[in-house]
>>> print(open('target01.txt').read())   # compact mmCIF, N, CA and C atoms
# COMPACT_ATOMS: atom_id res chain seq x y z
N LEU A 1 106.28 -14.38 22.17
CA LEU A 1 105.68 -15.71 22.18
C LEU A 1 106.54 -16.68 21.38
N LYS A 2 107.83 -16.54 21.51
CA LYS A 2 108.74 -17.41 20.78
C LYS A 2 108.91 -18.71 21.54
N GLY A 3 109.11 -19.77 20.78
CA GLY A 3 109.34 -21.08 21.39
C GLY A 3 108.39 -22.11 20.85
N GLU A 4 108.54 -23.32 21.36
CA GLU A 4 107.70 -24.44 20.93
C GLU A 4 106.24 -24.19 21.26
N LYS A 5 105.35 -24.71 20.41
CA LYS A 5 103.92 -24.63 20.65
C LYS A 5 103.34 -26.03 20.60
N SER A 6 102.49 -26.34 21.55
CA SER A 6 101.79 -27.63 21.56
C SER A 6 100.81 -27.69 20.40
N GLU A 7 100.41 -28.90 20.05
CA GLU A 7 99.31 -29.07 19.11
C GLU A 7 98.03 -28.63 19.81
N PRO A 8 97.04 -28.09 19.08
CA PRO A 8 95.81 -27.64 19.73
C PRO A 8 95.14 -28.72 20.59
N GLY A 9 95.20 -29.97 20.14
CA GLY A 9 94.57 -31.06 20.89
C GLY A 9 95.25 -31.38 22.20
N GLU A 10 96.44 -30.83 22.43
CA GLU A 10 97.16 -31.07 23.68
C GLU A 10 96.97 -29.94 24.69
N VAL A 11 96.32 -28.87 24.28
CA VAL A 11 96.13 -27.71 25.15
C VAL A 11 94.98 -27.98 26.12
N ARG A 12 95.25 -27.82 27.43
CA ARG A 12 94.22 -27.97 28.45
C ARG A 12 93.97 -26.60 29.08
N VAL A 13 92.72 -26.14 29.01
CA VAL A 13 92.39 -24.82 29.54
C VAL A 13 90.97 -24.82 30.07
N ARG A 14 90.78 -24.08 31.15
CA ARG A 14 89.43 -23.82 31.65
C ARG A 14 89.16 -22.34 31.42
N ILE A 15 87.93 -22.01 31.10
CA ILE A 15 87.57 -20.65 30.72
C ILE A 15 86.65 -20.05 31.77
N LEU A 16 87.01 -18.87 32.24
CA LEU A 16 86.20 -18.12 33.20
C LEU A 16 85.74 -16.82 32.55
N ASN A 17 84.53 -16.39 32.88
CA ASN A 17 84.05 -15.10 32.41
C ASN A 17 84.34 -14.08 33.50
N GLY A 18 85.21 -13.13 33.18
CA GLY A 18 85.61 -12.11 34.15
C GLY A 18 85.23 -10.71 33.72
N GLY A 19 84.11 -10.57 33.04
CA GLY A 19 83.68 -9.24 32.64
C GLY A 19 83.21 -9.16 31.20
N ALA A 20 83.36 -10.24 30.46
CA ALA A 20 82.86 -10.30 29.07
C ALA A 20 81.33 -10.41 29.12
N PRO A 21 80.65 -10.16 28.01
CA PRO A 21 79.19 -10.30 28.01
C PRO A 21 78.76 -11.71 28.46
N SER A 22 77.58 -11.78 29.05
CA SER A 22 77.05 -13.05 29.54
C SER A 22 77.04 -14.11 28.44
N GLY A 23 77.48 -15.30 28.76
CA GLY A 23 77.52 -16.40 27.80
C GLY A 23 78.81 -16.50 27.01
N SER A 24 79.72 -15.55 27.20
CA SER A 24 80.96 -15.52 26.42
C SER A 24 81.85 -16.73 26.67
N ALA A 25 81.92 -17.20 27.91
CA ALA A 25 82.78 -18.35 28.21
C ALA A 25 82.31 -19.58 27.44
N GLN A 26 81.00 -19.80 27.39
CA GLN A 26 80.48 -20.97 26.65
C GLN A 26 80.69 -20.81 25.16
N LYS A 27 80.49 -19.61 24.64
CA LYS A 27 80.69 -19.39 23.21
C LYS A 27 82.16 -19.57 22.82
N GLU A 28 83.07 -19.09 23.67
CA GLU A 28 84.49 -19.26 23.40
C GLU A 28 84.87 -20.74 23.52
N LEU A 29 84.30 -21.44 24.49
CA LEU A 29 84.53 -22.88 24.62
C LEU A 29 84.11 -23.61 23.34
N ASP A 30 82.92 -23.30 22.85
CA ASP A 30 82.45 -23.92 21.61
C ASP A 30 83.41 -23.64 20.47
N HIS A 31 83.85 -22.40 20.35
CA HIS A 31 84.78 -22.04 19.28
C HIS A 31 86.09 -22.81 19.41
N LEU A 32 86.65 -22.83 20.61
CA LEU A 32 87.93 -23.52 20.81
C LEU A 32 87.81 -25.01 20.49
N GLN A 33 86.73 -25.65 20.94
CA GLN A 33 86.60 -27.08 20.72
C GLN A 33 86.27 -27.43 19.27
N ILE A 34 85.36 -26.70 18.65
CA ILE A 34 84.88 -27.05 17.31
C ILE A 34 85.76 -26.48 16.20
N GLU A 35 86.13 -25.21 16.31
CA GLU A 35 86.87 -24.55 15.24
C GLU A 35 88.38 -24.67 15.39
N ALA A 36 88.89 -24.56 16.63
CA ALA A 36 90.33 -24.49 16.84
C ALA A 36 90.97 -25.82 17.24
N GLY A 37 90.15 -26.83 17.54
CA GLY A 37 90.70 -28.14 17.89
C GLY A 37 91.23 -28.26 19.30
N VAL A 38 90.88 -27.29 20.16
CA VAL A 38 91.31 -27.34 21.56
C VAL A 38 90.24 -28.13 22.33
N THR A 39 90.30 -29.43 22.18
CA THR A 39 89.24 -30.30 22.70
C THR A 39 89.31 -30.52 24.20
N LYS A 40 90.46 -30.23 24.81
CA LYS A 40 90.60 -30.43 26.26
C LYS A 40 90.36 -29.13 27.00
N SER A 41 89.23 -28.51 26.70
CA SER A 41 88.89 -27.23 27.32
C SER A 41 87.54 -27.37 28.01
N GLU A 42 87.31 -26.52 29.01
CA GLU A 42 86.05 -26.59 29.75
C GLU A 42 85.63 -25.22 30.24
N ASN A 43 84.33 -25.04 30.41
CA ASN A 43 83.76 -23.80 30.93
C ASN A 43 83.76 -23.91 32.45
N ALA A 44 84.40 -22.95 33.11
CA ALA A 44 84.47 -22.97 34.57
C ALA A 44 83.58 -21.88 35.19
N GLY A 45 82.70 -21.28 34.40
CA GLY A 45 81.76 -20.31 34.94
C GLY A 45 82.33 -18.91 35.07
N ASN A 46 81.85 -18.20 36.10
CA ASN A 46 82.27 -16.82 36.30
C ASN A 46 83.53 -16.74 37.16
N ALA A 47 84.37 -15.77 36.85
CA ALA A 47 85.56 -15.51 37.64
C ALA A 47 85.13 -14.89 38.97
N PRO A 48 85.99 -14.97 40.00
CA PRO A 48 85.64 -14.37 41.29
C PRO A 48 85.46 -12.85 41.22
N ALA A 49 86.12 -12.21 40.26
CA ALA A 49 86.01 -10.75 40.11
C ALA A 49 86.15 -10.39 38.64
N GLU A 50 85.62 -9.23 38.27
CA GLU A 50 85.76 -8.76 36.90
C GLU A 50 87.18 -8.25 36.66
N VAL A 51 87.65 -8.43 35.43
CA VAL A 51 88.97 -7.94 35.04
C VAL A 51 88.82 -7.13 33.75
N ALA A 52 89.67 -6.14 33.59
CA ALA A 52 89.61 -5.29 32.40
C ALA A 52 90.16 -6.02 31.18
N LYS A 53 91.25 -6.76 31.38
CA LYS A 53 91.94 -7.42 30.26
C LYS A 53 91.86 -8.93 30.39
N THR A 54 91.71 -9.59 29.25
CA THR A 54 91.72 -11.05 29.19
C THR A 54 93.12 -11.54 29.55
N THR A 55 93.20 -12.55 30.40
CA THR A 55 94.49 -13.09 30.82
C THR A 55 94.51 -14.60 30.73
N LEU A 56 95.71 -15.14 30.61
CA LEU A 56 95.92 -16.59 30.59
C LEU A 56 96.97 -16.90 31.65
N GLU A 57 96.56 -17.64 32.68
CA GLU A 57 97.49 -18.04 33.73
C GLU A 57 97.87 -19.49 33.50
N TYR A 58 99.16 -19.77 33.60
CA TYR A 58 99.67 -21.12 33.31
C TYR A 58 100.89 -21.42 34.15
N ASP A 59 101.12 -22.68 34.37
CA ASP A 59 102.32 -23.14 35.04
C ASP A 59 103.45 -23.07 34.03
N PRO A 60 104.68 -22.70 34.43
CA PRO A 60 105.79 -22.64 33.48
C PRO A 60 105.98 -23.94 32.67
N ALA A 61 105.60 -25.08 33.24
CA ALA A 61 105.70 -26.35 32.50
C ALA A 61 104.70 -26.41 31.36
N GLN A 62 103.73 -25.51 31.34
CA GLN A 62 102.71 -25.48 30.29
C GLN A 62 102.96 -24.36 29.27
N ALA A 63 104.17 -23.83 29.24
CA ALA A 63 104.47 -22.70 28.37
C ALA A 63 104.18 -23.00 26.90
N ASP A 64 104.45 -24.24 26.45
CA ASP A 64 104.18 -24.57 25.05
C ASP A 64 102.68 -24.56 24.77
N GLN A 65 101.88 -25.00 25.73
CA GLN A 65 100.42 -24.93 25.58
C GLN A 65 99.95 -23.47 25.60
N ALA A 66 100.53 -22.68 26.49
CA ALA A 66 100.15 -21.27 26.60
C ALA A 66 100.46 -20.51 25.31
N ARG A 67 101.62 -20.80 24.70
CA ARG A 67 101.97 -20.13 23.44
C ARG A 67 100.98 -20.49 22.34
N ARG A 68 100.56 -21.76 22.26
CA ARG A 68 99.58 -22.17 21.24
C ARG A 68 98.26 -21.45 21.47
N LEU A 69 97.77 -21.43 22.71
CA LEU A 69 96.49 -20.78 22.99
C LEU A 69 96.58 -19.28 22.74
N ALA A 70 97.68 -18.66 23.11
CA ALA A 70 97.86 -17.23 22.86
C ALA A 70 97.82 -16.94 21.36
N ASP A 71 98.41 -17.83 20.57
CA ASP A 71 98.39 -17.68 19.12
C ASP A 71 96.97 -17.77 18.58
N ILE A 72 96.20 -18.73 19.08
CA ILE A 72 94.82 -18.92 18.64
C ILE A 72 93.96 -17.71 19.01
N LEU A 73 94.18 -17.17 20.21
CA LEU A 73 93.34 -16.09 20.72
C LEU A 73 93.82 -14.69 20.35
N GLY A 74 95.05 -14.58 19.86
CA GLY A 74 95.61 -13.26 19.59
C GLY A 74 95.98 -12.53 20.87
N LEU A 75 96.40 -13.29 21.88
CA LEU A 75 96.82 -12.68 23.15
C LEU A 75 98.22 -12.11 23.03
N SER A 76 98.43 -10.97 23.67
CA SER A 76 99.77 -10.39 23.72
C SER A 76 100.54 -11.03 24.87
N GLY A 77 101.84 -10.84 24.85
CA GLY A 77 102.67 -11.38 25.92
C GLY A 77 102.29 -10.83 27.28
N SER A 78 101.81 -9.60 27.33
CA SER A 78 101.43 -9.00 28.62
C SER A 78 100.18 -9.65 29.21
N ALA A 79 99.40 -10.35 28.40
CA ALA A 79 98.20 -11.03 28.88
C ALA A 79 98.51 -12.40 29.48
N MET A 80 99.74 -12.85 29.30
CA MET A 80 100.13 -14.17 29.78
C MET A 80 100.76 -14.05 31.15
N LYS A 81 100.24 -14.82 32.10
CA LYS A 81 100.66 -14.73 33.49
C LYS A 81 101.22 -16.06 33.97
N PRO A 82 102.55 -16.21 33.97
CA PRO A 82 103.10 -17.43 34.56
C PRO A 82 102.69 -17.50 36.02
N GLY A 83 102.25 -18.66 36.45
CA GLY A 83 101.78 -18.82 37.83
C GLY A 83 101.61 -20.29 38.12
N GLU A 84 100.41 -20.64 38.52
CA GLU A 84 100.12 -22.03 38.85
C GLU A 84 98.99 -22.54 37.99
N SER A 85 99.04 -23.83 37.73
CA SER A 85 97.92 -24.46 37.04
C SER A 85 96.91 -24.90 38.08
N VAL A 86 95.73 -25.22 37.62
CA VAL A 86 94.69 -25.77 38.48
C VAL A 86 94.37 -27.17 37.97
N THR A 87 93.60 -27.92 38.72
CA THR A 87 93.24 -29.27 38.30
C THR A 87 91.89 -29.22 37.61
N ASN A 88 91.82 -29.79 36.39
CA ASN A 88 90.56 -29.78 35.66
C ASN A 88 89.67 -30.94 36.10
N SER A 89 88.53 -31.11 35.44
CA SER A 89 87.57 -32.13 35.85
C SER A 89 88.09 -33.56 35.66
N GLN A 90 89.15 -33.74 34.87
CA GLN A 90 89.76 -35.06 34.71
C GLN A 90 90.93 -35.26 35.66
N GLY A 91 91.19 -34.29 36.53
CA GLY A 91 92.28 -34.40 37.48
C GLY A 91 93.65 -34.06 36.90
N LEU A 92 93.68 -33.38 35.75
CA LEU A 92 94.93 -33.01 35.09
C LEU A 92 95.21 -31.53 35.26
N PRO A 93 96.49 -31.13 35.25
CA PRO A 93 96.80 -29.70 35.36
C PRO A 93 96.30 -28.95 34.13
N THR A 94 95.70 -27.80 34.36
CA THR A 94 95.15 -27.03 33.26
C THR A 94 95.39 -25.54 33.47
N MET A 95 95.43 -24.78 32.39
CA MET A 95 95.61 -23.34 32.44
C MET A 95 94.26 -22.68 32.69
N THR A 96 94.29 -21.40 33.07
CA THR A 96 93.06 -20.65 33.30
C THR A 96 93.02 -19.44 32.39
N LEU A 97 92.02 -19.40 31.52
CA LEU A 97 91.78 -18.26 30.64
C LEU A 97 90.63 -17.46 31.25
N THR A 98 90.89 -16.21 31.60
CA THR A 98 89.85 -15.35 32.15
C THR A 98 89.50 -14.30 31.12
N LEU A 99 88.27 -14.35 30.63
CA LEU A 99 87.81 -13.40 29.62
C LEU A 99 87.48 -12.07 30.30
N GLY A 100 88.16 -11.00 29.89
CA GLY A 100 87.95 -9.69 30.48
C GLY A 100 86.99 -8.84 29.68
N LYS A 101 86.88 -7.60 30.11
CA LYS A 101 85.98 -6.65 29.44
C LYS A 101 86.44 -6.35 28.02
N ASP A 102 87.71 -6.64 27.70
CA ASP A 102 88.23 -6.39 26.36
C ASP A 102 87.89 -7.52 25.38
N PHE A 103 87.25 -8.59 25.85
CA PHE A 103 86.92 -9.74 25.00
C PHE A 103 85.95 -9.29 23.91
N LYS A 104 86.29 -9.60 22.65
CA LYS A 104 85.52 -9.09 21.51
C LYS A 104 84.49 -10.08 20.98
N GLY A 105 84.55 -11.32 21.43
CA GLY A 105 83.61 -12.33 20.97
C GLY A 105 84.33 -13.61 20.59
N ALA A 106 83.60 -14.70 20.62
CA ALA A 106 84.19 -16.01 20.33
C ALA A 106 84.77 -16.03 18.92
N GLY A 107 86.01 -16.47 18.82
CA GLY A 107 86.66 -16.58 17.53
C GLY A 107 87.28 -15.29 17.00
N ILE A 108 87.06 -14.19 17.70
CA ILE A 108 87.64 -12.91 17.28
C ILE A 108 88.93 -12.71 18.08
N LYS A 109 90.05 -12.62 17.36
CA LYS A 109 91.33 -12.45 18.05
C LYS A 109 91.36 -11.12 18.78
N LEU A 110 91.96 -11.15 19.96
CA LEU A 110 92.06 -9.93 20.75
C LEU A 110 92.91 -8.87 20.06
N ASN A 111 93.81 -9.29 19.17
CA ASN A 111 94.62 -8.33 18.43
C ASN A 111 94.06 -8.11 17.03
N ALA A 112 92.77 -8.37 16.83
CA ALA A 112 92.16 -8.30 15.50
C ALA A 112 92.21 -6.92 14.89
N SER A 113 92.27 -5.87 15.68
CA SER A 113 92.29 -4.52 15.12
C SER A 113 93.55 -4.27 14.30
N SER A 114 94.60 -5.07 14.54
CA SER A 114 95.83 -4.86 13.80
C SER A 114 95.90 -5.71 12.53
N MET A 115 94.88 -6.52 12.31
CA MET A 115 94.88 -7.39 11.13
C MET A 115 94.31 -6.65 9.93
N GLU A 116 94.85 -6.97 8.76
CA GLU A 116 94.31 -6.39 7.53
C GLU A 116 93.13 -7.23 7.06
N THR A 117 92.23 -6.60 6.32
CA THR A 117 91.11 -7.32 5.74
C THR A 117 91.64 -8.18 4.60
N PRO A 118 91.30 -9.47 4.59
CA PRO A 118 91.81 -10.31 3.53
C PRO A 118 91.26 -9.91 2.16
N ASP A 119 92.06 -10.09 1.13
CA ASP A 119 91.64 -9.77 -0.22
C ASP A 119 90.98 -11.02 -0.81
N VAL A 120 89.66 -11.02 -0.87
CA VAL A 120 88.92 -12.17 -1.38
C VAL A 120 87.99 -11.73 -2.50
N ASP A 121 87.65 -12.68 -3.38
CA ASP A 121 86.68 -12.37 -4.43
C ASP A 121 85.32 -12.14 -3.79
N LYS A 122 84.62 -11.14 -4.28
CA LYS A 122 83.31 -10.82 -3.74
C LYS A 122 82.26 -11.11 -4.79
N SER A 123 81.11 -11.57 -4.33
CA SER A 123 80.01 -11.79 -5.27
C SER A 123 78.79 -11.03 -4.75
N THR A 124 77.90 -10.71 -5.67
CA THR A 124 76.67 -10.01 -5.29
C THR A 124 75.49 -10.79 -5.84
N ALA A 125 74.33 -10.54 -5.26
CA ALA A 125 73.14 -11.29 -5.64
C ALA A 125 72.64 -10.97 -7.04
N ASP A 126 73.06 -9.84 -7.62
CA ASP A 126 72.56 -9.46 -8.94
C ASP A 126 73.40 -10.01 -10.09
N LYS A 127 74.42 -10.82 -9.79
CA LYS A 127 75.26 -11.39 -10.84
C LYS A 127 75.26 -12.90 -10.73
N VAL A 128 75.17 -13.57 -11.88
CA VAL A 128 75.27 -15.03 -11.89
C VAL A 128 76.73 -15.40 -12.10
N GLN A 129 77.27 -16.16 -11.15
CA GLN A 129 78.67 -16.57 -11.23
C GLN A 129 78.78 -18.05 -10.90
N CYS A 130 79.75 -18.68 -11.53
CA CYS A 130 80.03 -20.07 -11.20
C CYS A 130 81.24 -20.09 -10.29
N ALA A 131 81.21 -20.99 -9.33
CA ALA A 131 82.38 -21.15 -8.47
C ALA A 131 83.49 -21.81 -9.28
N SER A 132 84.71 -21.35 -9.07
CA SER A 132 85.81 -21.95 -9.81
C SER A 132 86.83 -22.53 -8.88
>>> encode(input="target01.txt", output="structure tokens")
Amino acid sequence: LKGEKSEPGEVRVRILNGGAPSGSAQKELDHLQIEAGVTKSENAGNAPAEVAKTTLEYDPAQADQARRLADILGLSGSAMKPGESVTNSQGLPTMTLTLGKDFKGAGIKLNASSMETPDVDKSTADKVQCAS
């Protein structure tokens, strides 16, 4: 995934549910728009068929957008499918993200199993602590 990456606000993507739990496309849309800043995204409903793996199809001219979205989602290079863009509801070319059976939930990176647990201060209800 080497190369230039678009700003999150420049990424245009439509999300299809292709085998993830019901409601996943809307939950991922909410996460992308609110948490990740991918404001030019839309829910496109169910995919025509179920898929085992989450994929991102994009036009080669959208490679910088695809790299940014792959970074946000934790997509591997094998999940990225150069192909054709589709036209979104504003009439602009957009990528297609199809959530597969491997989708772990909105905001959870697909490569999350390889991430280490962050080292953070922990607090418990039985101790009085001041935030510093």
>>> atom_distance(input="target01.txt", atom1="atom CA of Lys2 of chain A", atom2="atom CA of Glu42 of chain A")
26.1 Å
>>> residues_around(input="target01.txt", residues="Ala79 of chain A", least_positions_apart="4", cutoff="6.5 Å", atoms="all atoms listed in the file", output="list in words")
Thr54, Thr55, Leu56, Glu57 and Leu75 of chain A
>>> closest_residue(input="target01.txt", among="A:Ile15, A:Ala36, A:Ala112, A:Ala61", to="Thr96 of chain A", atoms="only N, CA and C atoms")
A:Ile15
>>> select_by_dssp(input="target01.txt", residues="segment 3-125 of chain A", states="alpha helix (DSSP H)", output="list of chain:residue names")
A:Ser24, A:Ala25, A:Gln26, A:Lys27, A:Glu28, A:Leu29, A:Asp30, A:Ala63, A:Asp64, A:Gln65, A:Ala66, A:Arg67, A:Arg68, A:Leu69, A:Ala70, A:Asp71, A:Ile72, A:Leu73
>>> residues_around(input="target01.txt", residues="Lys53 of chain A", least_positions_apart="6", cutoff="8 Å", atoms="all atoms listed in the file", output="compact mmCIF listing (two decimals) with N, CA and C atoms, in the coordinates of the input")
# COMPACT_ATOMS: atom_id res chain seq x y z
N GLY A 18 85.21 -13.13 33.18
CA GLY A 18 85.61 -12.11 34.15
C GLY A 18 85.23 -10.71 33.72
N ALA A 79 99.40 -10.35 28.40
CA ALA A 79 98.20 -11.03 28.88
C ALA A 79 98.51 -12.40 29.48
N THR A 98 90.89 -16.21 31.60
CA THR A 98 89.85 -15.35 32.15
C THR A 98 89.50 -14.30 31.12
N LEU A 99 88.27 -14.35 30.63
CA LEU A 99 87.81 -13.40 29.62
C LEU A 99 87.48 -12.07 30.30
N GLY A 100 88.16 -11.00 29.89
CA GLY A 100 87.95 -9.69 30.48
C GLY A 100 86.99 -8.84 29.68
N LYS A 101 86.88 -7.60 30.11
CA LYS A 101 85.98 -6.65 29.44
C LYS A 101 86.44 -6.35 28.02
N ASP A 102 87.71 -6.64 27.70
CA ASP A 102 88.23 -6.39 26.36
C ASP A 102 87.89 -7.52 25.38
N PHE A 103 87.25 -8.59 25.85
CA PHE A 103 86.92 -9.74 25.00
C PHE A 103 85.95 -9.29 23.91
>>> atom_distance(input="target01.txt", atom1="atom CA of Lys81 of chain A", atom2="atom N of Asn17 of chain A")
16.2 Å
>>> atom_distance(input="target01.txt", atom1="atom C of Glu35 of chain A", atom2="atom C of Pro8 of chain A")
9.4 Å
>>> closest_residue(input="target01.txt", among="A:Val86, A:Leu16, A:Val11, A:Ile72", to="Pro48 of chain A", atoms="only C-alpha atoms")
A:Leu16
>>> decode(input="target01.txt", residues="segment 78-96 of chain A", atoms="N, CA and C atoms", output="compact mmCIF listing (two decimals), in the first residue's frame")
# COMPACT_ATOMS: atom_id res chain seq x y z
N SER A 78 -4.22 -7.77 -0.87
CA SER A 78 -5.00 -8.77 -1.60
C SER A 78 -6.49 -8.47 -1.60
N ALA A 79 -6.95 -7.62 -0.68
CA ALA A 79 -8.36 -7.25 -0.62
C ALA A 79 -8.70 -6.12 -1.59
N MET A 80 -7.68 -5.52 -2.18
CA MET A 80 -7.89 -4.39 -3.08
C MET A 80 -7.96 -4.89 -4.51
N LYS A 81 -9.03 -4.51 -5.19
CA LYS A 81 -9.29 -5.00 -6.54
C LYS A 81 -9.37 -3.84 -7.53
N PRO A 82 -8.27 -3.58 -8.25
CA PRO A 82 -8.36 -2.56 -9.29
C PRO A 82 -9.41 -3.00 -10.31
N GLY A 83 -10.26 -2.09 -10.70
CA GLY A 83 -11.34 -2.42 -11.63
C GLY A 83 -11.98 -1.14 -12.12
N GLU A 84 -13.27 -1.04 -11.92
CA GLU A 84 -14.01 0.13 -12.36
C GLU A 84 -14.69 0.78 -11.18
N SER A 85 -14.85 2.08 -11.29
CA SER A 85 -15.62 2.79 -10.28
C SER A 85 -17.08 2.78 -10.72
N VAL A 86 -17.95 3.13 -9.81
CA VAL A 86 -19.37 3.27 -10.11
C VAL A 86 -19.74 4.72 -9.84
N THR A 87 -20.92 5.12 -10.24
CA THR A 87 -21.36 6.50 -10.01
C THR A 87 -22.18 6.54 -8.73
N ASN A 88 -21.81 7.46 -7.83
CA ASN A 88 -22.55 7.56 -6.56
C ASN A 88 -23.79 8.44 -6.74
N SER A 89 -24.49 8.70 -5.65
CA SER A 89 -25.75 9.44 -5.71
C SER A 89 -25.56 10.89 -6.15
N GLN A 90 -24.34 11.42 -6.09
CA GLN A 90 -24.06 12.77 -6.57
C GLN A 90 -23.55 12.77 -8.01
N GLY A 91 -23.50 11.60 -8.64
CA GLY A 91 -23.04 11.50 -10.01
C GLY A 91 -21.52 11.50 -10.15
N LEU A 92 -20.80 11.22 -9.06
CA LEU A 92 -19.34 11.20 -9.08
C LEU A 92 -18.82 9.77 -9.03
N PRO A 93 -17.63 9.53 -9.58
CA PRO A 93 -17.07 8.17 -9.51
C PRO A 93 -16.74 7.81 -8.06
N THR A 94 -17.08 6.59 -7.68
CA THR A 94 -16.86 6.16 -6.32
C THR A 94 -16.39 4.71 -6.28
N MET A 95 -15.67 4.35 -5.23
CA MET A 95 -15.19 2.99 -5.04
C MET A 95 -16.30 2.15 -4.40
N THR A 96 -16.14 0.84 -4.44
CA THR A 96 -17.12 -0.06 -3.82
C THR A 96 -16.43 -0.92 -2.77
